[in-house]
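Only one structure is covered here, and it is reproduced in the block below.
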Amino acid sequence: MLKMANRSVGEFILLAFLLCHAAAFSPPSLGLGALFFRPQGMKTKPSLGDDATLRQAATFFTDAFWANKVGGGIKELQPNQRKSLLGSQTTEFRRRYGRGDRTSELFICRNGKDEVMGCCGIEVDNISDNGLKGNVLKQAPLMSNLAVGRDFRRRGIAEDLVKEAEELVRKNWGFDEVYLYVEKRNKAAVRLYQKLGYKKFWEDDSASTLLPLKTGSLRQVTTTLVCMKKRLGLGLLGRFLSF
């Protein structure tokens, strides 16, 4: 496995889980594209811990998230990069969404041809009060691993995935809030989350992530992480109220 600065790829896959998405995410898609160009036969379903589904989702996520990553990543992964990232991503998906309890789930969005167009994870996790290394504030739903394939962006897929995750949290798990982490430089993702009612909770400028390089290596780079929070069940009113 490729290693950078004494950290394994697997450790950065864990950070990718926290960051949710980067280049894989489309800009806000509530416009004409989402209204008139939604893929035919579009359906979003939970994986229910099915191993074959999780492996397929890991393959999709590796290409959608890690290729052309915000911050200067290459457009296409080289074979050694893809092999290393895919192995770690599959292990991570199995660990997070393949376990027996039902306080974690990975939603998969497919079109009428059964192609994976997007995915989004949600699980109950520790939420810190100020930065990744802050004191644990509570356990609450944390949304992650949100990615949309490059051929399916600006069609409302990301919003459908977020909606499914939020409904599961509120109706099945009994929570009234959702948290997420996103890189500050991923302005398209931040704008969309804001449009969906998420507000900044804290920032951490000491985080790090990976960038796949043209040389075939994976470089560790610093990034600013933003924790965002949304109160559920408030409708449009929630976008104008403070925490």
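Note on naming: chains are A, B, ... as they come in the structure tokens, residues start from 1 per chain, ligands start from 1 in the order shown.
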
Practice item. From segment 18-216 of chain A, collect each residue whose DSSP state is strand (DSSP E) and return the set as a PyMOL selection string. Key: chain A and resi 43-46+104-110+116-128+136-148+177-183+199-212

Practice item. Pick out the residues sitting within 12 Å of Lys184 of chain A, and hand them over as a ChimeraX atom specification; count only C-alpha atoms, and ignore anything fewer than 4 positions along from it in its own chain. Key: /A:19-22,70-71,188-191,193,200,202-205,207,222-228

Can you check which residues of segment 91-145 of chain A DSSP gives as alpha helix (DSSP H) on the backbone and send them as a compact mmCIF listing (two decimals) with N, CA, C and O atoms, in the first residue's frame?
```txt
# COMPACT_ATOMS: atom_id res chain seq x y z
N THR A 91 -12.67 -1.53 2.01
CA THR A 91 -12.57 -1.88 3.43
C THR A 91 -13.34 -0.89 4.30
O THR A 91 -14.05 -1.27 5.23
N GLU A 92 -13.22 0.38 3.97
CA GLU A 92 -13.90 1.43 4.75
C GLU A 92 -15.42 1.32 4.62
O GLU A 92 -16.15 1.43 5.61
N PHE A 93 -15.92 1.10 3.42
CA PHE A 93 -17.36 0.96 3.23
C PHE A 93 -17.90 -0.26 3.97
O PHE A 93 -18.96 -0.22 4.58
N ARG A 94 -17.18 -1.35 3.89
CA ARG A 94 -17.61 -2.56 4.60
C ARG A 94 -17.65 -2.31 6.10
O ARG A 94 -18.58 -2.73 6.80
N ARG A 95 -16.63 -1.64 6.61
CA ARG A 95 -16.56 -1.40 8.06
C ARG A 95 -17.69 -0.47 8.52
O ARG A 95 -18.31 -0.69 9.56
N ARG A 96 -17.95 0.56 7.76
CA ARG A 96 -18.94 1.54 8.19
C ARG A 96 -20.38 1.13 7.91
O ARG A 96 -21.26 1.39 8.73
N TYR A 97 -20.62 0.52 6.78
CA TYR A 97 -22.01 0.28 6.36
C TYR A 97 -22.38 -1.19 6.31
O TYR A 97 -23.54 -1.52 6.05
```

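Considering only C-alpha atoms, the residue among A:Leu106, A:Pro79, A:Glu183, A:Thr209 positioned nearest to Leu161 of chain A is A:Leu106.
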